[in-house]
Amino acid sequence: MFKFFSSTNIYLIIQKLVKFINSIFFLILIIGLTFALVLSPPDYLQGDAVRIMYVHVPSAWIGLACFFVITLLSILNYIFKIKNFYFINKSIAPIGLLFTCLAIATGSLWGQPTWGTWWAWDARLTSMLALMFFYIFYILTFKLLNNEELIIKVSSIIAIVGSINLPIIKYSVEWWATLHQPASIKITGSSTIHSEMMLPLMVMLLVFLLYAALIFLMKYKTEIIRIKKKNIKRN
Amino acid sequence: MILKLITMNGYGVYVWMSFSIVFISCAFVYFKTKKTLKKYEQEFLKELQTLTLEEKNKALETSKVAQQILTISSKVN
């Protein structure tokens, strides 16, 4: 069982997964873009500006999900000392930062035509900005520190402190009066989004997830090669 | 039809700019990640070349990763 999770086996699985994602990615991307830009209807209030949702919402979700995974793996790594989690986190963090920045940028572009402003110090927007800084600090620990033990400690602390921000982001629209609208899609309870908009949103989410998986696998593969390079002379 | 798709009733600038930022950023990160991966593969191969024949064979026997990188690089070259 543990042999299956050896870096060599993981490396071979990654090779196959990368090939698979590359083979289906562009087809799903074209379907997603056709739905998002052409087939989905405009909103009765926001008009065609609502199409920004198809890149804004998946970006924000992935940005949040990446930080959640980083926190979870940091805690597990701290307790069980599984070094693989450290490499997984190192590979996920840049993806989370990318999507958080994209959520902020596209949110700003959506805010101008709908709210009349590019930016407001609103609870949702500010907490997303805080998440971006947590990502930056997290990544900086890998770049600035040399001692691996210290990196694990400092990055875990940043991840755990930063995780306090995750429920704040989620519930900011309910706890405070914000410019940002409340959630339209709920895991528990009925969603207030029409199926004609829900379908393109889900297809675009799939596109973004595949992209995130592809980047993660490539970064993780790089980490495996780095380890193997270090060990090559020892073998 | 095409003009409507471009202008989007006055929202075209915001919509197209959003999609452009996302796809340009994603493409940039993709190519940067791919370049870094290739760089490390090359460095790994260079490291492999510095070994003696005996060490090299031993490394290739014990490491499937080394075999894979060598196979990929020989396919590319």
# chains A, B, ... in the order shown; residues from 1 in each chain; ligands from 1
call {"tool": "interface_residues", "arguments": {"of": "chain B", "to": "chain A", "cutoff": "6 Å", "atoms": "only C-alpha atoms", "output": "PDB file with N, CA and C atoms, in the first residue's frame"}}
result
ATOM      1  N   MET B   8     -21.472  43.366 -26.508  1.00  0.00           N
ATOM      2  CA  MET B   8     -22.272  42.859 -25.379  1.00  0.00           C
ATOM      3  C   MET B   8     -23.097  43.966 -24.716  1.00  0.00           C
ATOM      4  N   TYR B  11     -21.217  46.175 -22.348  1.00  0.00           N
ATOM      5  CA  TYR B  11     -20.417  45.532 -21.291  1.00  0.00           C
ATOM      6  C   TYR B  11     -19.219  44.771 -21.850  1.00  0.00           C
ATOM      7  N   TYR B  14     -15.638  45.137 -20.306  1.00  0.00           N
ATOM      8  CA  TYR B  14     -15.436  44.482 -19.001  1.00  0.00           C
ATOM      9  C   TYR B  14     -15.365  42.960 -19.148  1.00  0.00           C
ATOM     10  N   VAL B  15     -16.281  42.421 -19.951  1.00  0.00           N
ATOM     11  CA  VAL B  15     -16.334  40.959 -20.109  1.00  0.00           C
ATOM     12  C   VAL B  15     -15.069  40.444 -20.809  1.00  0.00           C
ATOM     13  N   SER B  18     -11.974  40.738 -18.670  1.00  0.00           N
ATOM     14  CA  SER B  18     -11.934  39.708 -17.613  1.00  0.00           C
ATOM     15  C   SER B  18     -11.438  38.376 -18.167  1.00  0.00           C
ATOM     16  N   LEU B  37       9.958  22.921 -15.273  1.00  0.00           N
ATOM     17  CA  LEU B  37      10.008  21.452 -15.282  1.00  0.00           C
ATOM     18  C   LEU B  37      11.085  20.948 -16.235  1.00  0.00           C
ATOM     19  N   PHE B  44      18.764  17.337 -14.153  1.00  0.00           N
ATOM     20  CA  PHE B  44      18.816  15.954 -13.670  1.00  0.00           C
ATOM     21  C   PHE B  44      19.653  15.105 -14.630  1.00  0.00           C
ATOM     22  N   VAL B  65      12.202   6.923 -12.115  1.00  0.00           N
ATOM     23  CA  VAL B  65      12.107   8.337 -12.508  1.00  0.00           C
ATOM     24  C   VAL B  65      13.243   8.672 -13.461  1.00  0.00           C
TER      25      VAL B  65
END
call {"tool": "closest_atom_pairs", "arguments": {"of": "region 55-144 of chain A", "to": "region 156-180 of chain A", "cutoff": "6 Å", "atoms": "only C-alpha atoms", "output": "Markdown table"}}
result
| residue | atom | partner | partner_atom | distance |
| --- | --- | --- | --- | --- |
| A:Thr71 | CA | A:Ala159 | CA | 5.0 |
| A:Ser74 | CA | A:Ser156 | CA | 5.1 |
| A:Asp122 | CA | A:Thr178 | CA | 5.7 |
| A:Ala123 | CA | A:Ser172 | CA | 5.7 |
| A:Arg124 | CA | A:Ser172 | CA | 5.5 |
| A:Ser127 | CA | A:Ile169 | CA | 5.6 |
| A:Phe134 | CA | A:Gly162 | CA | 6.0 |
call {"tool": "write_last_selection", "arguments": {"atoms": "N, CA and C atoms", "output": "mmCIF file, in the first residue's frame"}}
result
data_model
loop_
_atom_site.group_PDB
_atom_site.id
_atom_site.type_symbol
_atom_site.label_atom_id
_atom_site.label_comp_id
_atom_site.auth_asym_id
_atom_site.auth_seq_id
_atom_site.Cartn_x
_atom_site.Cartn_y
_atom_site.Cartn_z
ATOM 1 N N THR A 71 -4.124 24.261 4.515
ATOM 2 C CA THR A 71 -4.276 24.248 5.980
ATOM 3 C C THR A 71 -4.390 22.815 6.489
ATOM 4 N N SER A 74 -1.126 21.040 6.192
ATOM 5 C CA SER A 74 -0.151 21.604 7.137
ATOM 6 C C SER A 74 -0.369 21.011 8.518
ATOM 7 N N ASP A 122 -15.150 46.707 1.262
ATOM 8 C CA ASP A 122 -16.281 45.899 1.661
ATOM 9 C C ASP A 122 -15.728 44.617 2.315
ATOM 10 N N ALA A 123 -16.495 43.984 3.225
ATOM 11 C CA ALA A 123 -15.995 42.834 3.988
ATOM 12 C C ALA A 123 -15.517 41.691 3.095
ATOM 13 N N ARG A 124 -16.279 41.348 2.040
ATOM 14 C CA ARG A 124 -15.896 40.232 1.164
ATOM 15 C C ARG A 124 -14.611 40.556 0.397
ATOM 16 N N SER A 127 -11.572 40.721 2.801
ATOM 17 C CA SER A 127 -11.129 39.403 3.283
ATOM 18 C C SER A 127 -10.462 38.605 2.157
ATOM 19 N N PHE A 134 -2.001 36.313 2.648
ATOM 20 C CA PHE A 134 -1.623 35.062 3.328
ATOM 21 C C PHE A 134 -0.894 34.142 2.361
#
call {"tool": "residues_around", "arguments": {"residues": "Thr34 (chain A)", "least_positions_apart": "6", "cutoff": "12 Å", "atoms": "only C-alpha atoms", "output": "list in words"}}
result
Leu27, Ile28, Ser40, Pro41, Arg51, Tyr54, Leu199, Pro200, Leu201, Val203 and Met204 of chain A; Leu5 of chain B
call {"tool": "write_last_selection", "arguments": {"atoms": "N, CA and C atoms", "output": "CSV table (one decimal), in the first residue's frame"}}
result
chain,number,residue,atom,x,y,z
A,27,LEU,N,-11.1,20.7,-25.5
A,27,LEU,CA,-12.4,20.4,-25.9
A,27,LEU,C,-13.4,21.0,-24.9
A,28,ILE,N,-13.1,20.7,-23.6
A,28,ILE,CA,-14.0,21.2,-22.5
A,28,ILE,C,-13.9,22.7,-22.5
A,40,SER,N,-25.3,31.3,-23.0
A,40,SER,CA,-26.0,31.6,-21.7
A,40,SER,C,-26.7,32.9,-21.8
A,41,PRO,N,-27.9,33.1,-21.2
A,41,PRO,CA,-28.6,34.3,-21.3
A,41,PRO,C,-28.1,35.5,-20.5
A,51,ARG,N,-21.7,37.7,-17.5
A,51,ARG,CA,-20.8,36.7,-18.0
A,51,ARG,C,-19.4,36.6,-17.3
A,54,TYR,N,-18.6,33.7,-14.9
A,54,TYR,CA,-18.1,32.4,-15.3
A,54,TYR,C,-16.6,32.3,-15.2
A,199,LEU,N,-25.3,25.7,-15.7
A,199,LEU,CA,-24.6,24.7,-16.5
A,199,LEU,C,-23.2,25.3,-17.0
A,200,PRO,N,-23.3,26.5,-17.6
A,200,PRO,CA,-22.0,27.1,-18.1
A,200,PRO,C,-21.0,27.3,-16.9
A,201,LEU,N,-21.6,27.7,-15.7
A,201,LEU,CA,-20.7,27.9,-14.6
A,201,LEU,C,-20.0,26.6,-14.2
A,203,VAL,N,-19.4,24.0,-16.1
A,203,VAL,CA,-18.4,23.6,-17.2
A,203,VAL,C,-17.2,24.4,-17.0
A,204,MET,N,-17.3,25.7,-16.8
A,204,MET,CA,-16.1,26.6,-16.6
A,204,MET,C,-15.4,26.2,-15.3
B,5,LEU,N,-21.8,40.2,-30.1
B,5,LEU,CA,-20.9,39.4,-29.3
B,5,LEU,C,-19.7,40.2,-28.8
call {"tool": "atom_distance", "arguments": {"atom1": "CA of Lys46 (chain B)", "atom2": "CA of Lys19 (chain A)"}}
result
25.3 Å
call {"tool": "residues_around", "arguments": {"residues": "Leu125 (chain A)", "least_positions_apart": "5", "cutoff": "8 Å", "atoms": "only C-alpha atoms", "output": "ChimeraX atom specification"}}
result
/A:104,119-120,180
call {"tool": "write_last_selection", "arguments": {"atoms": "C-alpha atoms", "output": "short mmCIF file (atom, residue, chain, number, x, y, z; two decimals), in the first residue's frame"}}
result
data_model
loop_
_atom_site.label_atom_id
_atom_site.label_comp_id
_atom_site.auth_asym_id
_atom_site.auth_seq_id
_atom_site.Cartn_x
_atom_site.Cartn_y
_atom_site.Cartn_z
CA ILE A 104 -9.96 39.98 -7.19
CA TRP A 119 -12.95 48.69 -5.48
CA ALA A 120 -14.64 49.16 -2.09
CA HIS A 180 -21.09 41.98 -2.71
#
call {"tool": "select_by_dssp", "arguments": {"residues": "region 16-227 of chain A", "states": "alpha helix (DSSP H)", "output": "number ranges by chain"}}
result
A: 16-34, 53-80, 83-115, 123-144, 148-163, 165-175, 195-227
